[in-house]
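Peer 1: Before I ask anything, here is the structure I am working with.
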Amino acid sequence: HLSDEVMEEKIYRIKKQMGNELFIPCHHYQKDEIVQFADATGDSLQLAQISAKQHAKFIVFCGVHFMAETADILSTPNQKVILPDMRAGCSMADMANDQQTTIAWNLLTELFGDTLLPLTYVNSTASIKAFVGRNGGATVTSSNAKKMVQWAFTQKQRLLFLPDQHLGRNTAYDLGIPLDQMAVWDPIQHRLEYDGDLSQVRVILWKGHCSVHENFTLKNIEYIRKNKPEMHVIVHPECSHDVVQHADFHGSTKFIIDTIEKAKAGTKWAIGTEMNLVNRLRSQHKDKEIISLNPYMCPCLTMNRIDLPHLLWVLDQIAEAEEINRIVVDEHVAVDARLALKRMLDLS
Ligand code: 13P
Ligand code: SF4
């Protein structure tokens with residue numbers, strides 16, 4: 001059982017030894033104890049772009065499984081992508097699987113013919129990205145969702161947005177599409193939820209969500225408005241439509257960070273996103289008052305699985321030439337998933 005100091009010292013030593021052979025990308029939701037070792041930090045888009053340009057032999061991805069898969073899809077065959085804890089998944093990505101998508105696509109194309117283009121949030125499995133790539137669609141992130149939805153409408157009349165209904169709804173609404181032109185696909189019941197005339201539907205939202213961002217509620221905003229009316233509310237678009245509409249600002253983790261950085265000293269902010277990022281912003285901006293929009297804070301438990309012991313463990317194994325926790329996407333999946341990712345990266 002090693003102390004944090006000893007683990008940190010060992011990690012620094014291995015990093016120094018391995019030099020350019022090792023690259024550690026880190027998502028903004030990672031713990032500070034991990035972020036201190038990052039060769040790059042970023043939101044999902046930045047990490048996908050950075051991964052695509054990497055030459056290091058080992059990419060030790062400090063984020064969740066779908067991010068490591070993306071890095072593997074975009075890497076060269078001699079690179080190895082490692083996830084420090086294989087249990088670092090994403091509940092949202094798990095809300096769309098192959099079987100459900102096949103059923104949905106068959107039923108939806110029966111209803112809407114060849115008018116549909118699939119788009120998937122990068123927070124999805126490699127095989128969902130492959131399904132989207134095969135059918136002419138692309139991935140999106142919360143940083144480029146508007147641009148990608150606009151692009152989708154240059155390709156087809158309607159879109160199927162997987163797996164996050166909230167990012168899909170919020171983005172389409174920002175682009176002027178009314179809620180009554182959006183239907184919801186329930187992948188459990190295999191059923192389209194829509195009351196009106198089907199010919200009006202322009203967006204079909206997959207009924208998935210982020211279990212972290214769903215914890216920010218309208219009640220939380222009402223509390224701030226009543227008790228701290230001078231406070232600005234800024235939220236991630238994985239929050240529900242109500243929450244996004246009642247917030248002052250909404251955008252990706254990068255947008256949230258940039259907004260807080262640019263804000264004047266003395267300003268007050270309630271932030272609706274993952275706890276580690278909110279805490280980091282608070283400690284980096286002591287001249288501003290920063291709180292979590294939900295007073296109980298909202299950690300992403302799977303992001304938090306990556307910690308010092310796991311990082312040290314995988315680095316130790318790599319240093320001893322042991323292959324451990326490697327993320328490999330089969331080439332027959334990767335080839336189509338790459339199409340979806342490349343369409344996004346070319347447009348971003
Ligand atoms: P972004 O990094 O794109 O803002 O996404 C947030 C998220 O939930 C990542 O899992
Ligand atoms: Fe998935 Fe939400 Fe965690 Fe992001 S914050 S990894 S979307 S569960």
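Residues are referred to by chain and number: the chain letter is A, B, ... according to the order shown in the structure tokens, the number counts from 1 in that chain, and ligands are numbered separately from 1 in the order shown.
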Set out as a tab-separated table a contact list for chain A and ligand 1 with a cut-off of 7 Å, giving each residue of chain A that qualifies its closest atom pair and distance in Å to one decimal, counting only C-alpha atoms and all ligand atoms, ordered by chain and rising residue number.
Peer 2:
```
residue	atom	partner	partner_atom_place_in_ligand_line	distance
A:His27	CA	ligand 1	2 (O)	6.8
A:His28	CA	ligand 1	2 (O)	6.8
A:Gly42	CA	ligand 1	2 (O)	6.9
A:Asp43	CA	ligand 1	2 (O)	3.4
A:Ser44	CA	ligand 1	2 (O)	4.0
A:Leu45	CA	ligand 1	3 (O)	6.0
A:Asn123	CA	ligand 1	10 (O)	6.3
A:Thr141	CA	ligand 1	3 (O)	5.1
A:Ser142	CA	ligand 1	3 (O)	4.5
A:Ser143	CA	ligand 1	3 (O)	6.0
A:His236	CA	ligand 1	4 (O)	7.0
A:Ser252	CA	ligand 1	4 (O)	3.8
A:Thr253	CA	ligand 1	4 (O)	3.8
A:Lys254	CA	ligand 1	4 (O)	6.3
```
Peer 1: Take the residues from that selection and put them in a file with C-alpha atoms, as a JSON list (two decimals), in the first residue's frame.
Peer 2:
```json
[["chain", "number", "residue", "atom", "x", "y", "z"],
["A", 27, "HIS", "CA", -10.47, 14.41, -20.17],
["A", 28, "HIS", "CA", -11.51, 17.52, -18.19],
["A", 42, "GLY", "CA", -9.30, 18.51, -23.42],
["A", 43, "ASP", "CA", -12.93, 17.97, -24.14],
["A", 44, "SER", "CA", -14.02, 15.03, -26.29],
["A", 45, "LEU", "CA", -13.38, 16.87, -29.57],
["A", 123, "ASN", "CA", -20.11, 9.12, -26.36],
["A", 141, "THR", "CA", -19.24, 16.20, -29.92],
["A", 142, "SER", "CA", -20.81, 18.81, -27.72],
["A", 143, "SER", "CA", -18.33, 21.36, -29.18],
["A", 236, "HIS", "CA", -23.53, 21.34, -20.31],
["A", 252, "SER", "CA", -19.34, 21.85, -23.98],
["A", 253, "THR", "CA", -16.79, 21.47, -21.20],
["A", 254, "LYS", "CA", -14.39, 23.59, -23.28]]
```
Peer 1: At most 10 Å is the cut-off: for each residue in range 180-271 of chain A with any atom that close to an atom of range 95-117 of chain A, write down the nearest atom pair and the distance in Å rounded to one decimal, counting only C-alpha atoms, chain first then increasing number, as JSON lines.
Peer 2:
```
{"residue": "A:Trp185", "atom": "CA", "partner": "A:Ala104", "partner_atom": "CA", "distance": 7.8}
{"residue": "A:Asp186", "atom": "CA", "partner": "A:Ala104", "partner_atom": "CA", "distance": 8.8}
{"residue": "A:Pro187", "atom": "CA", "partner": "A:Gln100", "partner_atom": "CA", "distance": 5.9}
{"residue": "A:Ile188", "atom": "CA", "partner": "A:Gln100", "partner_atom": "CA", "distance": 7.8}
{"residue": "A:Gln189", "atom": "CA", "partner": "A:Gln100", "partner_atom": "CA", "distance": 9.8}
{"residue": "A:His190", "atom": "CA", "partner": "A:Ala104", "partner_atom": "CA", "distance": 6.6}
{"residue": "A:Arg191", "atom": "CA", "partner": "A:Ala104", "partner_atom": "CA", "distance": 8.2}
{"residue": "A:Leu192", "atom": "CA", "partner": "A:Leu108", "partner_atom": "CA", "distance": 8.5}
{"residue": "A:Leu198", "atom": "CA", "partner": "A:Phe112", "partner_atom": "CA", "distance": 8.4}
{"residue": "A:Ser199", "atom": "CA", "partner": "A:Phe112", "partner_atom": "CA", "distance": 8.2}
{"residue": "A:Val201", "atom": "CA", "partner": "A:Phe112", "partner_atom": "CA", "distance": 9.3}
{"residue": "A:Arg202", "atom": "CA", "partner": "A:Leu116", "partner_atom": "CA", "distance": 8.9}
{"residue": "A:Val203", "atom": "CA", "partner": "A:Leu116", "partner_atom": "CA", "distance": 9.0}
{"residue": "A:Ile204", "atom": "CA", "partner": "A:Leu116", "partner_atom": "CA", "distance": 9.1}
{"residue": "A:Trp206", "atom": "CA", "partner": "A:Ala96", "partner_atom": "CA", "distance": 8.2}
{"residue": "A:Lys207", "atom": "CA", "partner": "A:Met95", "partner_atom": "CA", "distance": 8.1}
{"residue": "A:Gly208", "atom": "CA", "partner": "A:Met95", "partner_atom": "CA", "distance": 5.7}
{"residue": "A:His209", "atom": "CA", "partner": "A:Met95", "partner_atom": "CA", "distance": 7.9}
{"residue": "A:Cys210", "atom": "CA", "partner": "A:Met95", "partner_atom": "CA", "distance": 9.5}
```
Peer 1: Write the residues of the preceding selection, restricted to C-alpha atoms, as a short mmCIF file (atom, residue, chain, number, x, y, z; two decimals), in the first residue's frame.
Peer 2:
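Below is the file that was written, out24.cif:
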```cif
data_model
loop_
_atom_site.label_atom_id
_atom_site.label_comp_id
_atom_site.auth_asym_id
_atom_site.auth_seq_id
_atom_site.Cartn_x
_atom_site.Cartn_y
_atom_site.Cartn_z
CA TRP A 185 -37.11 6.61 -30.32
CA ASP A 186 -37.45 4.30 -27.33
CA PRO A 187 -34.84 1.53 -27.82
CA ILE A 188 -36.26 -0.63 -25.02
CA GLN A 189 -39.85 -0.69 -26.30
CA HIS A 190 -38.72 -0.36 -29.96
CA ARG A 191 -41.25 2.41 -30.37
CA LEU A 192 -41.43 5.92 -31.78
CA LEU A 198 -45.10 11.88 -39.10
CA SER A 199 -44.29 13.91 -42.21
CA VAL A 201 -40.69 14.92 -38.05
CA ARG A 202 -37.20 16.25 -38.77
CA VAL A 203 -35.22 14.87 -35.85
CA ILE A 204 -35.50 11.47 -34.15
CA TRP A 206 -32.54 8.19 -29.29
CA LYS A 207 -33.87 7.90 -25.74
CA GLY A 208 -30.52 7.90 -23.94
CA HIS A 209 -29.09 10.29 -21.39
CA CYS A 210 -26.12 11.02 -19.17
#
```
Peer 1: For Pro299 in chain A, which residue out of A:Ala270, A:Ala247, A:Val235, A:Val212 is the nearest one, using only C-alpha atoms?
Peer 2: A:Val212
Peer 1: How close does each residue of chain A get to ligand 2, giving the shortest atom pair and distance in Å to one decimal for every residue with an atom at most 8 Å away, counting only C-alpha atoms and all ligand atoms, sorted by chain and residue number, as a Markdown table?
Peer 2:
```
| residue | atom | partner | partner_atom_place_in_ligand_line | distance |
| --- | --- | --- | --- | --- |
| A:Tyr29 | CA | ligand 2 | 5 (S) | 7.5 |
| A:Gly63 | CA | ligand 2 | 6 (S) | 7.7 |
| A:Val64 | CA | ligand 2 | 6 (S) | 6.0 |
| A:Gly89 | CA | ligand 2 | 6 (S) | 6.9 |
| A:Cys90 | CA | ligand 2 | 1 (Fe) | 3.9 |
| A:Ser91 | CA | ligand 2 | 8 (S) | 5.0 |
| A:Met92 | CA | ligand 2 | 1 (Fe) | 5.1 |
| A:Ala93 | CA | ligand 2 | 1 (Fe) | 6.6 |
| A:Asn123 | CA | ligand 2 | 7 (S) | 6.1 |
| A:His209 | CA | ligand 2 | 7 (S) | 7.6 |
| A:Cys210 | CA | ligand 2 | 2 (Fe) | 4.2 |
| A:Ser211 | CA | ligand 2 | 8 (S) | 5.5 |
| A:Val212 | CA | ligand 2 | 2 (Fe) | 5.1 |
| A:His213 | CA | ligand 2 | 2 (Fe) | 6.4 |
| A:Glu238 | CA | ligand 2 | 7 (S) | 7.6 |
| A:Thr273 | CA | ligand 2 | 5 (S) | 7.9 |
| A:Glu274 | CA | ligand 2 | 5 (S) | 6.3 |
| A:Pro299 | CA | ligand 2 | 5 (S) | 7.8 |
| A:Cys300 | CA | ligand 2 | 3 (Fe) | 4.6 |
| A:Leu301 | CA | ligand 2 | 3 (Fe) | 7.0 |
| A:Thr302 | CA | ligand 2 | 3 (Fe) | 6.3 |
| A:Met303 | CA | ligand 2 | 3 (Fe) | 6.1 |
```
Peer 1: Those same residues, written as a tab-separated table (two decimals), in the first residue's frame with N, CA and C atoms?
Peer 2:
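Below is the file again.tsv, written as the result:
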```
chain	number	residue	atom	x	y	z
A	29	TYR	N	-12.90	15.84	-17.04
A	29	TYR	CA	-13.60	15.32	-15.86
A	29	TYR	C	-12.71	14.44	-14.97
A	63	GLY	N	-9.62	8.69	-19.30
A	63	GLY	CA	-10.98	9.10	-19.66
A	63	GLY	C	-11.80	7.83	-19.59
A	64	VAL	N	-12.82	7.71	-20.43
A	64	VAL	CA	-13.63	6.49	-20.38
A	64	VAL	C	-13.47	5.66	-21.66
A	89	GLY	N	-16.32	2.82	-17.88
A	89	GLY	CA	-17.22	2.87	-19.04
A	89	GLY	C	-18.02	4.15	-19.04
A	90	CYS	N	-19.13	4.16	-19.78
A	90	CYS	CA	-20.01	5.33	-19.78
A	90	CYS	C	-21.43	4.81	-19.91
A	91	SER	N	-22.27	5.17	-18.94
A	91	SER	CA	-23.64	4.63	-18.94
A	91	SER	C	-24.40	5.11	-20.18
A	92	MET	N	-24.10	6.31	-20.65
A	92	MET	CA	-24.79	6.80	-21.84
A	92	MET	C	-24.41	5.95	-23.08
A	93	ALA	N	-23.11	5.71	-23.23
A	93	ALA	CA	-22.66	4.92	-24.39
A	93	ALA	C	-23.34	3.54	-24.37
A	123	ASN	N	-19.87	9.93	-27.56
A	123	ASN	CA	-20.11	9.12	-26.36
A	123	ASN	C	-20.95	7.90	-26.74
A	209	HIS	N	-29.43	9.09	-22.17
A	209	HIS	CA	-29.09	10.29	-21.39
A	209	HIS	C	-27.82	10.05	-20.59
A	210	CYS	N	-27.28	11.13	-20.06
A	210	CYS	CA	-26.12	11.02	-19.17
A	210	CYS	C	-26.63	11.03	-17.73
A	211	SER	N	-26.25	9.99	-16.99
A	211	SER	CA	-26.76	9.87	-15.62
A	211	SER	C	-26.14	10.91	-14.68
A	212	VAL	N	-25.08	11.56	-15.10
A	212	VAL	CA	-24.50	12.63	-14.28
A	212	VAL	C	-25.27	13.93	-14.54
A	213	HIS	N	-25.42	14.29	-15.81
A	213	HIS	CA	-26.04	15.59	-16.13
A	213	HIS	C	-27.54	15.62	-15.89
A	238	GLU	N	-25.70	18.22	-22.16
A	238	GLU	CA	-26.24	16.90	-21.80
A	238	GLU	C	-27.33	17.05	-20.73
A	273	THR	N	-22.17	20.80	-14.45
A	273	THR	CA	-21.41	19.74	-15.11
A	273	THR	C	-20.68	18.93	-14.06
A	274	GLU	N	-19.83	18.00	-14.51
A	274	GLU	CA	-19.22	17.02	-13.62
A	274	GLU	C	-18.40	17.69	-12.51
A	299	PRO	N	-20.60	13.62	-9.37
A	299	PRO	CA	-19.40	12.97	-9.91
A	299	PRO	C	-19.77	11.98	-11.02
A	300	CYS	N	-18.90	11.82	-12.00
A	300	CYS	CA	-19.07	10.70	-12.94
A	300	CYS	C	-18.25	9.55	-12.36
A	301	LEU	N	-18.97	8.55	-11.86
A	301	LEU	CA	-18.30	7.49	-11.11
A	301	LEU	C	-17.33	6.70	-11.96
A	302	THR	N	-17.65	6.58	-13.25
A	302	THR	CA	-16.76	5.78	-14.11
A	302	THR	C	-15.49	6.57	-14.46
A	303	MET	N	-15.63	7.87	-14.74
A	303	MET	CA	-14.44	8.72	-14.96
A	303	MET	C	-13.53	8.64	-13.73
```
Peer 1: Which is closest to Val35 in chain A among A:Asn276, A:Asn325, A:Gln181, A:Asn135, if we use only C-alpha atoms?
Peer 2: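 Looking at the shortest contact to Val35 in chain A, the residue is A:Asn276.
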Peer 1: Name all residues at most 10 Å from Pro309 in chain A (count only C-alpha atoms; drop same-chain ones fewer than 6 positions away) and give them as a list in words.
Peer 2: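 The filter keeps His1, Leu2, Ser3, Asp4, Met7, Glu8, Ile11, Pro84, Asp85 and Leu315 of chain A.
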Peer 1: As a VMD selection string, please: every residue in range 113-269 of chain A that DSSP puts in strand (DSSP E).
Peer 2: chain A and resid 116 to 121 138 to 140 158 to 162 182 to 186 191 to 193 203 to 206 232 to 235 249 to 250 268 to 269
Peer 1: May I have all residues of range 80-113 of chain A that DSSP, computed from the backbone, assigns to helix (DSSP H, G or I), given as a PDB file with C-alpha atoms, in the first residue's frame?
Peer 2:
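Now in states38.pdb:
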```pdb
ATOM      1  CA  ALA A  93     -22.664   4.920 -24.388  1.00  0.00           C
ATOM      2  CA  ASP A  94     -24.193   1.685 -23.056  1.00  0.00           C
ATOM      3  CA  MET A  95     -27.707   2.945 -23.882  1.00  0.00           C
ATOM      4  CA  ASP A  98     -26.024  -3.076 -32.164  1.00  0.00           C
ATOM      5  CA  GLN A  99     -29.195  -5.106 -31.868  1.00  0.00           C
ATOM      6  CA  GLN A 100     -31.276  -2.088 -30.826  1.00  0.00           C
ATOM      7  CA  THR A 101     -29.878   0.040 -33.643  1.00  0.00           C
ATOM      8  CA  THR A 102     -30.579  -2.604 -36.266  1.00  0.00           C
ATOM      9  CA  ILE A 103     -34.200  -2.895 -35.124  1.00  0.00           C
ATOM     10  CA  ALA A 104     -34.565   0.897 -34.948  1.00  0.00           C
ATOM     11  CA  TRP A 105     -33.045   1.479 -38.373  1.00  0.00           C
ATOM     12  CA  ASN A 106     -35.252  -1.158 -40.013  1.00  0.00           C
ATOM     13  CA  LEU A 107     -38.438   0.231 -38.480  1.00  0.00           C
ATOM     14  CA  LEU A 108     -37.510   3.870 -39.030  1.00  0.00           C
ATOM     15  CA  THR A 109     -36.533   3.388 -42.659  1.00  0.00           C
ATOM     16  CA  GLU A 110     -39.872   1.631 -43.177  1.00  0.00           C
ATOM     17  CA  LEU A 111     -41.589   4.741 -41.786  1.00  0.00           C
ATOM     18  CA  PHE A 112     -39.419   7.424 -43.365  1.00  0.00           C
ATOM     19  CA  GLY A 113     -37.829   5.744 -46.396  1.00  0.00           C
TER      20      GLY A 113
END
```
Peer 1: Which distance in Å separates CA of Thr76 in chain A and CA of Gly136 in chain A, to one decimal?
Peer 2: 23.5 Å
Peer 1: Can you tell me which residues surround Thr70 in chain A at a distance of at most 8 Å, considering only C-alpha atoms, apart from same-chain residues fewer than 3 positions away, and format the answer as a list in words?
Peer 2: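 Final neighbour list, sorted by chain and number: Ala48, Phe66, Met67, Ile73, Leu74 and Ala126 of chain A.
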Peer 1: Have a look at A:Gln245, A:Ser127, A:Asn144, A:Asn20 and name the one nearest to Arg169 in chain A; count only C-alpha atoms.
Peer 2: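 Of the candidates, the smallest distance to Arg169 in chain A is held by A:Gln245.
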